[in-house]
file coords_12.txt (compact mmCIF, C-alpha atoms and all ligand atoms)
# COMPACT_ATOMS: atom_id res chain seq x y z
CA MET A 1275 87.86 191.50 222.65
CA SER A 1276 84.37 192.24 223.91
CA TYR A 1277 83.11 194.85 226.35
CA CYS A 1278 81.00 194.35 229.43
CA LEU A 1279 77.61 196.12 229.28
CA ASN A 1280 77.65 197.06 232.97
CA PRO A 1281 78.57 200.79 233.21
CA ARG A 1282 79.72 200.24 236.82
CA CYS A 1283 82.13 197.42 235.97
CA GLU A 1284 85.71 198.54 236.49
CA LYS A 1285 87.42 196.11 234.07
CA ARG A 1286 85.11 195.98 231.08
CA LEU A 1287 87.43 194.54 228.44
CA ASN A 1288 87.17 190.72 228.04
CA PRO A 1289 88.73 188.15 225.70
CA ASP A 1290 86.40 187.11 222.83
CA GLU A 1291 85.70 183.55 223.96
CA ARG A 1292 84.20 184.49 227.36
CA SER A 1293 80.43 184.26 227.91
CA HIS A 1294 80.45 186.29 231.18
CA CYS A 1295 82.52 189.25 232.31
CA HIS A 1296 85.69 188.15 234.13
CA ASN A 1297 85.27 191.05 236.55
CA CYS A 1298 81.55 191.49 237.39
CA GLY A 1299 80.03 188.31 235.94
CA SER A 1300 77.55 190.14 233.62
CA GLN A 1301 76.51 188.35 230.42
CA LEU A 1302 78.66 189.31 227.43
CA LEU A 1303 76.22 187.98 224.79
CA ILE A 1304 73.32 190.43 225.10
CA GLU A 1305 69.86 189.08 224.19
CA LYS A 1306 71.77 185.88 223.27
CA ARG A 1307 73.07 187.57 220.06
CA TYR A 1308 74.85 190.91 220.46
CA ARG A 1309 78.54 191.18 221.43
CA LEU A 1310 79.99 194.64 222.25
CA ILE A 1311 83.10 195.23 220.11
CA ARG A 1312 84.26 198.79 220.93
CA PRO A 1313 82.87 202.05 222.30
CA LEU A 1314 82.13 204.65 219.59
CA ARG A 1315 83.08 207.44 221.97
CA GLU A 1316 84.83 207.58 225.35
CA LEU A 1317 83.02 205.84 228.21
CA GLU A 1318 82.64 208.82 230.51
CA GLU A 1319 80.18 209.27 233.32
CA HIS A 1320 78.96 212.72 232.28
CA TYR A 1321 77.25 211.28 229.16
CA GLN A 1322 73.67 210.06 229.53
CA THR A 1323 74.35 207.18 227.16
CA GLU A 1324 77.09 204.81 226.07
CA ILE A 1325 77.38 203.90 222.44
CA PHE A 1326 79.09 200.77 221.07
CA GLU A 1327 79.86 199.11 217.78
CA ILE A 1328 78.44 195.57 218.19
CA ASP A 1329 78.45 192.27 216.35
CA ASP A 1330 75.10 190.63 215.57
CA GLY A 1331 76.00 187.18 214.18
CA GLY A 1332 78.48 188.66 211.68
CA THR A 1333 76.66 191.97 211.00
CA THR A 1334 78.04 195.16 212.49
CA LYS A 1335 75.43 197.27 214.30
CA VAL A 1336 75.31 200.02 216.94
CA LEU A 1337 74.06 199.69 220.51
CA LYS A 1338 73.07 202.73 222.51
CA VAL A 1339 72.69 202.17 226.25
CA LEU A 1340 70.98 204.66 228.55
CA THR A 1341 73.04 205.16 231.70
CA ASN A 1342 70.84 207.84 233.28
CA HIS A 1343 67.74 206.42 234.99
CA HIS A 1344 65.82 209.60 235.52
CA PRO A 1345 62.24 209.05 234.18
CA GLN A 1346 62.58 212.06 231.89
CA TRP A 1347 65.65 210.52 230.19
CA VAL A 1348 63.94 207.13 229.97
CA GLU A 1349 60.97 208.83 228.26
CA LEU A 1350 63.27 210.55 225.74
CA PHE A 1351 65.12 207.28 225.08
CA GLU A 1352 61.90 205.33 224.49
CA ARG A 1353 60.70 208.07 222.18
CA GLN A 1354 63.97 207.85 220.20
CA ALA A 1355 63.48 204.09 219.78
CA LYS A 1356 59.85 204.45 218.64
CA VAL A 1357 60.68 207.18 216.13
CA LEU A 1358 63.59 205.26 214.59
CA GLN A 1359 61.44 202.11 214.34
CA GLN A 1360 58.72 204.06 212.60
CA LEU A 1361 60.87 206.05 210.11
CA GLN A 1362 62.19 204.51 206.90
CA HIS A 1363 64.69 206.80 205.17
CA PRO A 1364 68.25 206.27 203.88
CA GLY A 1365 69.24 209.37 205.85
CA ILE A 1366 68.06 207.91 209.19
CA PRO A 1367 69.52 204.77 210.85
CA GLY A 1368 67.00 201.95 210.88
CA VAL A 1369 65.92 200.09 214.04
CA ASP A 1370 64.34 196.62 213.91
CA PRO A 1371 61.00 196.03 215.70
CA ASP A 1372 62.92 194.02 218.36
CA GLY A 1373 65.75 196.58 218.49
CA TYR A 1374 64.58 198.18 221.76
CA PHE A 1375 64.79 196.17 224.99
CA THR A 1376 65.92 196.30 228.60
CA VAL A 1377 68.65 194.19 230.21
CA ALA A 1378 68.68 193.35 233.92
CA LEU A 1379 72.19 193.39 235.34
CA LYS A 1380 73.46 190.32 237.18
CA ASP A 1381 73.16 191.94 240.62
CA ASN A 1382 69.61 193.11 239.70
CA SER A 1383 70.70 196.56 240.81
CA ARG A 1384 69.10 198.12 237.79
CA GLU A 1385 67.71 197.68 234.29
CA LEU A 1386 69.56 199.09 231.31
CA HIS A 1387 67.54 200.50 228.38
CA CYS A 1388 69.15 199.40 225.10
CA LEU A 1389 68.63 200.40 221.48
CA VAL A 1390 70.19 198.53 218.53
CA MET A 1391 70.38 200.37 215.22
CA ASP A 1392 72.03 200.15 211.79
CA PHE A 1393 75.73 200.90 211.76
CA ILE A 1394 76.58 203.89 209.56
CA VAL A 1395 80.02 203.46 208.00
CA GLY A 1396 81.94 206.74 207.96
CA GLN A 1397 82.61 209.71 210.20
CA ASN A 1398 80.46 212.35 211.80
CA LEU A 1399 80.90 215.82 210.28
CA GLU A 1400 82.86 217.14 213.25
CA GLN A 1401 85.47 214.40 212.78
CA TRP A 1402 85.32 214.88 208.99
CA LEU A 1403 85.95 218.64 209.29
CA LEU A 1404 88.99 218.07 211.52
CA GLN A 1405 90.54 215.90 208.81
CA ASN A 1406 89.40 217.71 205.68
CA GLY A 1407 88.97 221.37 206.59
CA PRO A 1408 86.13 223.76 205.62
CA ILE A 1409 83.81 222.79 202.77
CA SER A 1410 83.12 224.61 199.49
CA GLU A 1411 79.82 226.28 198.66
CA ASP A 1412 79.00 223.48 196.18
CA ARG A 1413 79.38 220.85 198.88
CA ALA A 1414 77.42 222.99 201.35
CA ILE A 1415 74.54 223.16 198.86
CA ASP A 1416 74.63 219.39 198.37
CA TRP A 1417 74.65 218.75 202.13
CA LEU A 1418 71.95 221.31 202.86
CA THR A 1419 69.75 219.64 200.21
CA GLN A 1420 70.30 216.22 201.78
CA ILE A 1421 69.54 217.36 205.34
CA ALA A 1422 66.50 219.38 204.21
CA GLU A 1423 65.15 216.21 202.54
CA ILE A 1424 65.61 214.24 205.79
CA LEU A 1425 63.97 217.03 207.82
CA GLU A 1426 61.09 217.15 205.36
CA GLN A 1427 60.34 213.50 206.11
CA LEU A 1428 60.77 214.06 209.86
CA HIS A 1429 58.57 217.16 210.01
CA GLN A 1430 55.93 215.52 207.80
CA ASN A 1431 55.73 212.83 210.49
CA LYS A 1432 55.07 215.61 212.99
CA LEU A 1433 58.50 215.17 214.58
CA PHE A 1434 61.43 217.49 215.05
CA HIS A 1435 65.02 216.61 215.89
CA ARG A 1436 66.07 219.42 218.29
CA ASP A 1437 69.81 218.62 218.27
CA ILE A 1438 71.17 219.17 214.78
CA LYS A 1439 74.93 219.78 214.91
CA PRO A 1440 78.01 218.42 213.08
CA SER A 1441 78.59 215.54 215.53
CA ASN A 1442 75.03 214.31 214.96
CA ILE A 1443 75.35 214.08 211.17
CA MET A 1444 77.34 211.24 209.58
CA LEU A 1445 78.82 211.01 206.08
CA ASN A 1446 78.96 207.57 204.47
CA PRO A 1447 81.49 206.57 201.77
CA LYS A 1448 78.87 207.14 199.03
CA GLY A 1449 78.68 210.82 200.01
CA GLN A 1450 75.27 210.44 201.67
CA LEU A 1451 74.48 212.15 204.94
CA VAL A 1452 72.72 210.35 207.77
CA LEU A 1453 71.16 212.13 210.72
CA VAL A 1454 71.86 210.35 214.04
CA ASP A 1455 71.12 210.96 217.72
CA PHE A 1456 67.36 211.12 217.96
CA GLY A 1457 67.66 211.29 221.74
CA THR A 1458 65.93 214.66 221.82
CA VAL A 1459 63.37 214.08 219.07
CA ARG A 1460 59.90 215.43 219.89
CA LYS A 1461 56.39 214.93 218.62
CA ILE A 1462 54.66 218.12 217.52
CA THR A 1463 51.37 217.41 219.23
CA GLY A 1464 48.56 219.81 219.97
CA THR A 1465 49.36 219.38 223.68
CA TYR A 1466 52.98 220.32 223.07
CA MET A 1467 52.05 223.42 221.09
CA ALA A 1468 49.49 224.37 223.77
CA LYS A 1469 52.15 223.85 226.43
CA ILE A 1470 54.69 226.15 224.78
CA GLY A 1471 51.93 228.61 223.90
CA GLY A 1472 50.90 228.71 227.54
CA GLY A 1473 54.50 228.98 228.77
CA LEU A 1474 54.50 225.59 230.51
CA PRO A 1475 57.88 223.85 230.93
CA VAL A 1476 58.82 221.08 228.47
CA THR A 1477 61.94 218.90 228.44
CA GLY A 1478 64.71 221.06 227.05
CA THR A 1479 67.98 220.28 225.31
CA PHE A 1480 70.77 222.65 224.66
CA SER A 1481 73.90 222.55 222.46
CA PRO A 1482 75.76 225.87 222.85
CA GLY A 1483 76.13 227.70 219.54
CA TYR A 1484 73.54 225.53 217.76
CA THR A 1485 70.40 225.81 219.86
CA PRO A 1486 68.14 228.80 219.09
CA LEU A 1487 66.96 231.09 221.85
CA GLU A 1488 63.34 229.91 221.71
CA GLN A 1489 64.53 226.34 222.39
CA VAL A 1490 66.70 227.47 225.31
CA ASP A 1491 63.49 228.97 226.68
CA GLY A 1492 61.81 225.55 226.29
CA ARG A 1493 59.78 226.61 223.25
CA ALA A 1494 61.33 224.58 220.43
CA ILE A 1495 59.39 224.52 217.17
CA PRO A 1496 60.18 222.76 213.86
CA GLN A 1497 61.92 225.93 212.61
CA SER A 1498 64.38 225.53 215.52
CA ASP A 1499 65.88 222.65 213.48
CA PHE A 1500 66.53 225.11 210.61
CA TYR A 1501 68.41 227.47 212.95
CA SER A 1502 70.68 224.63 214.13
CA LEU A 1503 71.12 223.52 210.53
CA GLY A 1504 72.19 227.06 209.50
CA ARG A 1505 74.70 227.17 212.38
CA THR A 1506 75.99 223.72 211.35
CA LEU A 1507 76.57 224.99 207.78
CA VAL A 1508 78.43 228.02 209.10
CA TYR A 1509 80.73 225.75 211.09
CA LEU A 1510 81.35 223.57 208.04
CA LEU A 1511 81.94 226.54 205.68
CA THR A 1512 84.18 228.54 208.04
CA GLY A 1513 85.79 225.80 210.13
CA LYS A 1514 84.94 227.93 213.16
CA HIS A 1515 82.56 226.98 215.97
CA PRO A 1516 79.59 229.41 216.03
CA LEU A 1517 80.62 230.53 219.54
CA ASP A 1518 84.01 231.65 218.15
CA LEU A 1519 82.38 234.00 215.62
CA HIS A 1520 81.24 237.56 216.37
CA GLN A 1521 77.60 238.54 216.41
CA ASP A 1522 75.95 241.81 215.36
CA GLU A 1523 74.94 243.27 218.75
CA SER A 1524 71.85 245.01 217.38
CA THR A 1525 70.41 242.24 215.15
CA GLY A 1526 71.86 239.10 216.74
CA GLN A 1527 73.02 237.93 213.28
CA LEU A 1528 76.23 235.90 213.19
CA LEU A 1529 79.09 237.66 211.34
CA TRP A 1530 80.61 234.80 209.36
CA ARG A 1531 80.53 235.61 205.63
CA ASP A 1532 83.90 237.43 205.60
CA THR A 1533 85.72 234.31 206.69
CA VAL A 1534 84.51 232.24 203.71
CA PHE A 1535 86.78 232.39 200.65
CA HIS A 1536 84.10 232.13 197.95
CA LEU A 1537 80.46 232.55 198.84
CA SER A 1538 77.67 233.68 196.50
CA PRO A 1539 75.45 236.36 198.06
CA ALA A 1540 72.34 234.27 197.28
CA PHE A 1541 73.57 231.23 199.23
CA GLY A 1542 74.95 233.37 202.07
CA ASP A 1543 71.50 235.00 202.36
CA LEU A 1544 69.78 231.61 202.52
CA VAL A 1545 72.08 230.40 205.32
CA ASP A 1546 71.49 233.67 207.20
CA ARG A 1547 67.71 233.23 206.80
CA LEU A 1548 67.93 229.68 208.20
CA MET A 1549 69.50 230.97 211.42
CA SER A 1550 67.55 234.16 211.68
CA PRO A 1551 67.10 235.00 215.42
CA PHE A 1552 63.35 235.48 214.88
CA PRO A 1553 61.76 232.12 213.87
CA GLY A 1554 59.19 233.91 211.67
CA ASN A 1555 62.03 235.08 209.39
CA ARG A 1556 63.31 231.53 208.80
CA PRO A 1557 61.95 229.34 205.99
CA GLN A 1558 58.80 227.84 207.47
CA THR A 1559 59.12 224.35 205.99
CA ALA A 1560 61.88 222.06 204.70
CA GLN A 1561 60.06 222.10 201.35
CA LEU A 1562 60.61 225.88 201.16
CA ILE A 1563 64.34 225.40 201.82
CA LEU A 1564 64.50 222.93 198.92
CA GLN A 1565 62.61 225.37 196.68
CA SER A 1566 65.02 228.19 197.61
CA LEU A 1567 67.95 225.92 196.75
CA GLN A 1568 66.48 225.10 193.35
CA GLY A 1569 65.90 228.78 192.49
CA LEU A 1570 69.29 229.94 193.80
CA ASP A 1571 70.94 232.54 191.48
CA ARG A 1572 74.65 232.18 192.16
CA THR A 1573 75.78 234.22 189.11
CA ALA A 1574 75.72 237.65 190.79
CA PRO A 1575 79.31 238.65 191.60
CA PRO A 1576 80.03 238.51 195.29
CA PRO A 1577 80.54 241.95 196.86
CA LEU A 1578 83.97 242.54 198.33
CA SER A 1579 84.23 241.22 201.83
CA LEU A 1580 85.30 243.58 204.62
CA SER A 1581 88.82 242.17 204.65
CA GLN A 1582 89.01 242.42 200.85
CA GLN A 1583 87.78 246.05 201.05
CA ARG A 1584 90.49 246.71 203.63
CA ASP A 1585 93.10 245.20 201.28
CA VAL A 1586 91.94 247.43 198.40
CA TRP A 1587 92.19 250.52 200.63
CA TRP A 1588 95.70 249.58 201.65
CA LEU A 1589 96.68 249.16 197.99
CA ILE A 1590 95.27 252.60 197.14
CA VAL A 1591 97.09 254.22 200.09
CA ILE A 1592 100.41 252.51 199.26
CA ASN A 1593 100.15 253.40 195.53
CA ALA A 1594 99.25 257.02 196.27
CA GLY A 1595 102.22 257.24 198.69
CA LEU A 1596 104.56 255.84 196.07
CA ALA A 1597 103.26 258.29 193.42
CA ILE A 1598 103.76 261.29 195.75
CA ALA A 1599 107.29 260.15 196.69
CA LEU A 1600 108.14 259.73 192.98
CA ALA A 1601 106.80 263.21 192.12
CA ILE A 1602 108.84 264.81 194.96
CA ALA A 1603 112.00 263.00 193.82
CA CYS A 1604 111.43 264.21 190.21
CA MET A 1605 110.92 267.80 191.35
CA VAL A 1606 114.09 267.76 193.48
CA ARG A 1607 116.09 266.36 190.55
CA LEU A 1608 114.61 268.92 188.12
CA GLN A 1609 115.50 271.78 190.45
CA ALA A 1610 119.06 270.53 190.82
CA TRP A 1611 119.39 270.17 187.05
CA HIS A 1612 118.03 273.71 186.59
CA GLN A 1613 120.55 275.18 189.07
CA ASN A 1614 123.28 273.24 187.36
CA GLN A 1615 122.26 274.63 183.98
CA GLN A 1616 122.26 278.20 185.35
CA GLN A 1617 125.73 277.80 186.85
CA SER A 1618 127.04 276.33 183.58
CA SER A 1619 125.66 279.16 181.43
CA GLN A 1620 127.11 281.77 183.87
CA ALA A 1621 130.48 280.05 183.64
CA ALA A 1622 130.22 279.94 179.85
CA ALA A 1623 129.35 283.67 179.73
CA LEU A 1624 132.34 284.50 181.96
CA HIS A 1625 134.52 282.32 179.82
CA LEU A 1626 133.29 284.07 176.65
CA GLN A 1627 133.83 287.47 178.23
CA ALA A 1628 137.39 286.56 179.19
CA TRP A 1629 138.07 285.22 175.72
CA HIS A 1630 136.59 288.38 174.24
CA GLN A 1631 138.82 290.58 176.43
CA ASN A 1632 141.75 288.41 175.52
CA GLN A 1633 140.96 288.81 171.85
CA GLN A 1634 140.69 292.57 172.25
CA GLN A 1635 144.04 292.75 174.04
CA SER A 1636 145.65 290.59 171.36
CA SER A 1637 144.33 292.75 168.54
CA GLN A 1638 145.44 295.92 170.36
CA THR A 1639 148.90 294.43 170.84
CA ALA A 1640 149.00 293.42 167.16
CA ALA A 1641 147.91 296.88 166.03
CA LEU A 1642 150.62 298.49 168.18
CA HIS A 1643 153.16 296.06 166.81
CA TRP A 1644 152.27 296.81 163.20
CA SER A 1645 152.18 300.60 163.75
CA GLN A 1646 155.71 300.39 165.18
CA VAL A 1647 156.82 298.26 162.23
CA LEU A 1648 155.31 300.70 159.78
CA LYS A 1649 156.91 303.68 161.56
CA ARG A 1650 160.24 302.03 161.17
N1 LIG B 1701 74.14 204.49 213.88
C1 LIG B 1701 75.42 204.88 214.01
N2 LIG B 1701 76.39 204.32 213.26
C2 LIG B 1701 77.68 204.70 213.41
N3 LIG B 1701 78.09 205.61 214.29
C3 LIG B 1701 77.16 206.21 215.06
C4 LIG B 1701 75.78 205.89 214.97
N4 LIG B 1701 75.09 206.63 215.86
C5 LIG B 1701 76.00 207.40 216.47
N5 LIG B 1701 77.24 207.18 216.01
C6 LIG B 1701 78.49 207.84 216.42
O1 LIG B 1701 78.49 207.96 217.85
C7 LIG B 1701 78.54 209.36 218.23
C8 LIG B 1701 77.65 209.56 219.46
O2 LIG B 1701 76.34 209.15 219.15
P1 LIG B 1701 75.05 210.01 219.56
O3 LIG B 1701 75.23 211.38 219.05
O4 LIG B 1701 73.85 209.27 219.14
O5 LIG B 1701 75.22 209.97 221.11
P2 LIG B 1701 74.85 211.02 222.26
O6 LIG B 1701 74.95 210.30 223.54
O7 LIG B 1701 73.59 211.65 221.98
O8 LIG B 1701 75.96 212.10 222.20
P3 LIG B 1701 75.78 213.68 222.31
O9 LIG B 1701 74.43 213.97 222.82
O10 LIG B 1701 76.88 214.08 223.22
O11 LIG B 1701 75.96 214.20 220.89
C9 LIG B 1701 78.08 210.12 216.98
O12 LIG B 1701 78.63 211.42 216.97
C10 LIG B 1701 78.57 209.26 215.87
O13 LIG B 1701 79.94 209.56 215.59
MG MG B 1702 75.19 213.24 219.61
call {"tool": "encode", "arguments": {"input": "coords_12.txt", "output": "structure tokens", "more": "lines below"}}
Ligand SMILES: Nc1ncnc2c1ncn2[C@@H]1O[C@H](COP(=O)(O)OP(=O)(O)OP(=O)(O)O)[C@@H](O)[C@H]1O
Ligand SMILES: [Mg+2]
result
Amino acid sequence: MSYCLNPRCEKRLNPDERSHCHNCGSQLLIEKRYRLIRPLRELEEHYQTEIFEIDDGGTTKVLKVLTNHHPQWVELFERQAKVLQQLQHPGIPGVDPDGYFTVALKDNSRELHCLVMDFIVGQNLEQWLLQNGPISEDRAIDWLTQIAEILEQLHQNKLFHRDIKPSNIMLNPKGQLVLVDFGTVRKITGTYMAKIGGGLPVTGTFSPGYTPLEQVDGRAIPQSDFYSLGRTLVYLLTGKHPLDLHQDESTGQLLWRDTVFHLSPAFGDLVDRLMSPFPGNRPQTAQLILQSLQGLDRTAPPPLSLSQQRDVWWLIVINAGLAIALAIACMVRLQAWHQNQQQSSQAAALHLQAWHQNQQQSSQTAALHWSQVLKR
């Protein structure tokens, strides 16, 4: 089966052998080589793009199609294509020099902007988490190292991603992470820095729970990527979306450490620094993150978490209660035994007295008897 490229076509699925869509007549072999195999996520109107797995003469690739024609989105899309063409890194999908083009639809109603990139085998981390559950600290350290290395390359090229989150990171079968979705990538130019310094508006992007406040205000900086990366790690370590976790009202810090089973204080501190509300308190470069990871001392015993402290208190209270109950029971038994002993000794004394009186009476009777015998 192959899909029709036209987002407005109402019956997009076609048998393999067709050259044109049976419904709208659009070409099914794009640029005379690419055939759309299946959408990589639902084809819904609220997305700005559609994304397909495609066949390029036997090689599987990915085609991203811009469905929003607003000039601002076109600019972002073109920027994404340029950046991916320019970057060469195993953690970033490659795009061939001819991988960006436009396609005119059959009715000439509009041009579609298209981007062909390498297909990354595997799942994104949101899908992976649903299947595998929260990750261990060891895995989190490995993944943080990999993403920091990708960001180092990106930032060195004076670019920043601006939309790091689990669904934009893919894991391949070799255990390597690949950063996708460069739709919001930005060049750190002098003009850009002057613009945010002067409070002028710049194109903003926003993923609730992952985007730092300065970026919501349209003032994203490279350290904004570190904030989103920290939030991504929290999601992966806890299995909870950052919006479902509580925040310290006074500091704005996310309260997440208690929900992780085993977390060394040193690594927890690093993740907290990454997503510090004030950008100046975050590591300033990806290189510094990598250095912190290398010098991480994970031997210090983790302090008891709040829930663990609560458990210890409950144990103390229950044990103390049991000890008091045991002591009371012992005292009651001792008292009863004491009373019992007193009653027994009184009875014994009475018994002895009676026996004594009995003995006296017997000896008096005997004496009387013998005196009578003797008198006789
Ligand atoms: N090169 C690729 N190879 C394989 N799968 C990919 C690739 N790029 C993206 N995907 C998959 O498609 C999904 C959507 O892609 P992408 O994030 O680029 O689109 P998007 O339109 O920006 O979506 P959103 O902004 O809502 O995250 C990704 O989460 C990932 O699962
Ligand atoms: Mg995405």
call {"tool": "closest_atom_pairs", "arguments": {"input": "coords_12.txt", "of": "chain A", "to": "ligand LIG 1701 (chain B)", "cutoff": "9 Å", "atoms": "all atoms listed in the file", "output": "JSON lines"}}
result
{"residue": "A:Pro1313", "atom": "CA", "partner": "B:LIG1701", "partner_atom": "O1", "distance": 8.6}
{"residue": "A:Leu1314", "atom": "CA", "partner": "B:LIG1701", "partner_atom": "O1", "distance": 5.2}
{"residue": "A:Arg1315", "atom": "CA", "partner": "B:LIG1701", "partner_atom": "C7", "distance": 6.2}
{"residue": "A:Tyr1321", "atom": "CA", "partner": "B:LIG1701", "partner_atom": "O6", "distance": 6.2}
{"residue": "A:Gln1322", "atom": "CA", "partner": "B:LIG1701", "partner_atom": "O6", "distance": 6.1}
{"residue": "A:Thr1323", "atom": "CA", "partner": "B:LIG1701", "partner_atom": "O6", "distance": 4.8}
{"residue": "A:Glu1324", "atom": "CA", "partner": "B:LIG1701", "partner_atom": "O6", "distance": 6.4}
{"residue": "A:Ile1325", "atom": "CA", "partner": "B:LIG1701", "partner_atom": "O1", "distance": 6.2}
{"residue": "A:Phe1326", "atom": "CA", "partner": "B:LIG1701", "partner_atom": "O1", "distance": 7.9}
{"residue": "A:Glu1327", "atom": "CA", "partner": "B:LIG1701", "partner_atom": "C2", "distance": 7.4}
{"residue": "A:Lys1335", "atom": "CA", "partner": "B:LIG1701", "partner_atom": "N2", "distance": 7.2}
{"residue": "A:Val1336", "atom": "CA", "partner": "B:LIG1701", "partner_atom": "N1", "distance": 5.5}
{"residue": "A:Leu1337", "atom": "CA", "partner": "B:LIG1701", "partner_atom": "N1", "distance": 8.2}
{"residue": "A:Lys1338", "atom": "CA", "partner": "B:LIG1701", "partner_atom": "O4", "distance": 7.4}
{"residue": "A:Val1339", "atom": "CA", "partner": "B:LIG1701", "partner_atom": "O6", "distance": 8.9}
{"residue": "A:Leu1340", "atom": "CA", "partner": "B:LIG1701", "partner_atom": "O6", "distance": 8.5}
{"residue": "A:Ile1366", "atom": "CA", "partner": "B:LIG1701", "partner_atom": "N1", "distance": 8.4}
{"residue": "A:Pro1367", "atom": "CA", "partner": "B:LIG1701", "partner_atom": "N1", "distance": 5.5}
{"residue": "A:Gly1368", "atom": "CA", "partner": "B:LIG1701", "partner_atom": "N1", "distance": 8.2}
{"residue": "A:Val1390", "atom": "CA", "partner": "B:LIG1701", "partner_atom": "N1", "distance": 8.5}
{"residue": "A:Met1391", "atom": "CA", "partner": "B:LIG1701", "partner_atom": "N1", "distance": 5.7}
{"residue": "A:Asp1392", "atom": "CA", "partner": "B:LIG1701", "partner_atom": "N1", "distance": 5.3}
{"residue": "A:Phe1393", "atom": "CA", "partner": "B:LIG1701", "partner_atom": "N2", "distance": 3.8}
{"residue": "A:Ile1394", "atom": "CA", "partner": "B:LIG1701", "partner_atom": "N2", "distance": 3.7}
{"residue": "A:Val1395", "atom": "CA", "partner": "B:LIG1701", "partner_atom": "C2", "distance": 6.0}
{"residue": "A:Gly1396", "atom": "CA", "partner": "B:LIG1701", "partner_atom": "C2", "distance": 7.2}
{"residue": "A:Gln1397", "atom": "CA", "partner": "B:LIG1701", "partner_atom": "O13", "distance": 6.0}
{"residue": "A:Asn1398", "atom": "CA", "partner": "B:LIG1701", "partner_atom": "O13", "distance": 4.7}
{"residue": "A:Leu1399", "atom": "CA", "partner": "B:LIG1701", "partner_atom": "O13", "distance": 8.3}
{"residue": "A:Glu1400", "atom": "CA", "partner": "B:LIG1701", "partner_atom": "O12", "distance": 8.0}
{"residue": "A:Gln1401", "atom": "CA", "partner": "B:LIG1701", "partner_atom": "O13", "distance": 7.9}
{"residue": "A:Asp1437", "atom": "CA", "partner": "B:LIG1701", "partner_atom": "O9", "distance": 8.0}
{"residue": "A:Lys1439", "atom": "CA", "partner": "B:LIG1701", "partner_atom": "O11", "distance": 8.2}
{"residue": "A:Pro1440", "atom": "CA", "partner": "B:LIG1701", "partner_atom": "O12", "distance": 8.0}
{"residue": "A:Ser1441", "atom": "CA", "partner": "B:LIG1701", "partner_atom": "O12", "distance": 4.4}
{"residue": "A:Asn1442", "atom": "CA", "partner": "B:LIG1701", "partner_atom": "O12", "distance": 5.0}
{"residue": "A:Ile1443", "atom": "CA", "partner": "B:LIG1701", "partner_atom": "O12", "distance": 7.2}
{"residue": "A:Met1444", "atom": "CA", "partner": "B:LIG1701", "partner_atom": "C10", "distance": 6.7}
{"residue": "A:Val1452", "atom": "CA", "partner": "B:LIG1701", "partner_atom": "N1", "distance": 8.6}
{"residue": "A:Leu1453", "atom": "CA", "partner": "B:LIG1701", "partner_atom": "N4", "distance": 8.5}
{"residue": "A:Val1454", "atom": "CA", "partner": "B:LIG1701", "partner_atom": "N4", "distance": 5.3}
{"residue": "A:Asp1455", "atom": "CA", "partner": "B:LIG1701", "partner_atom": "O4", "distance": 3.5}
{"residue": "A:Phe1456", "atom": "CA", "partner": "B:LIG1701", "partner_atom": "O4", "distance": 6.9}
{"residue": "A:Gly1457", "atom": "CA", "partner": "B:LIG1701", "partner_atom": "O7", "distance": 5.9}
{"residue": "A:Thr1458", "atom": "CA", "partner": "B:LIG1701", "partner_atom": "O7", "distance": 8.2}
{"residue": "A:Ser1481", "atom": "CA", "partner": "B:LIG1701", "partner_atom": "O9", "distance": 8.6}
call {"tool": "atom_distance", "arguments": {"input": "coords_12.txt", "atom1": "atom CA of A:Pro1551", "atom2": "atom CA of A:Asp1518"}}
result
17.5 Å
call {"tool": "atom_distance", "arguments": {"input": "coords_12.txt", "atom1": "atom CA of A:Gln1427", "atom2": "atom CA of A:Pro1539"}}
result
28.6 Å
call {"tool": "residues_around", "arguments": {"input": "coords_12.txt", "residues": "stretch 1405-1420 of chain A", "least_positions_apart": "2", "cutoff": "10 Å", "atoms": "only C-alpha atoms", "output": "PyMOL selection string"}}
result
chain A and resi 1365+1399-1403+1422-1426+1445+1449-1453+1503-1504+1506-1514+1534-1538+1541-1542+1545+1560+1563-1565+1567-1568+1570
call {"tool": "closest_residue", "arguments": {"input": "coords_12.txt", "among": "A:Tyr1308, A:Leu1648, A:Arg1384, A:Phe1480", "to": "ligand MG 1702 (chain B)", "atoms": "only C-alpha atoms and all ligand atoms"}}
result
A:Phe1480
call {"tool": "closest_residue", "arguments": {"input": "coords_12.txt", "among": "A:Ser1276, A:Ile1438, A:Leu1580, A:Phe1351", "to": "ligand MG 1702 (chain B)", "atoms": "all atoms listed in the file"}}
result
A:Ile1438
call {"tool": "atom_distance", "arguments": {"input": "coords_12.txt", "atom1": "atom CA of A:Pro1553", "atom2": "atom CA of A:Ala1574"}}
result
27.5 Å
call {"tool": "closest_residue", "arguments": {"input": "coords_12.txt", "among": "A:Val1459, A:Thr1533, A:Gly1595, A:Leu1379", "to": "ligand MG 1702 (chain B)", "atoms": "all atoms listed in the file"}}
result
A:Val1459
call {"tool": "residues_around", "arguments": {"input": "coords_12.txt", "residues": "A:Gly1299", "least_positions_apart": "4", "cutoff": "10 Å", "atoms": "all atoms listed in the file", "output": "number ranges by chain"}}
result
A: 1278, 1280, 1283, 1293-1295, 1379-1381
call {"tool": "axis_aligned_box", "arguments": {"input": "coords_12.txt", "around": "stretch 1342-1352 of chain A", "padding_each_side": "6 Å", "output": "lines of an AutoDock Vina configuration file"}}
result
center_x = 65.9
center_y = 208.7
center_z = 230.0
size_x = 21.9
size_y = 18.7
size_z = 23.0
call {"tool": "residues_around", "arguments": {"input": "coords_12.txt", "residues": "A:Arg1353", "least_positions_apart": "2", "cutoff": "12 Å", "atoms": "all atoms listed in the file", "output": "list in words"}}
result
Gln1346, Trp1347, Val1348, Glu1349, Leu1350, Phe1351, Ala1355, Lys1356, Val1357, Leu1358, Gln1359, Gln1360, Tyr1374, His1387, Leu1389, Leu1433, Phe1434, His1435, Asp1455, Phe1456, Gly1457, Thr1458, Val1459, Arg1460 and Lys1461 of chain A
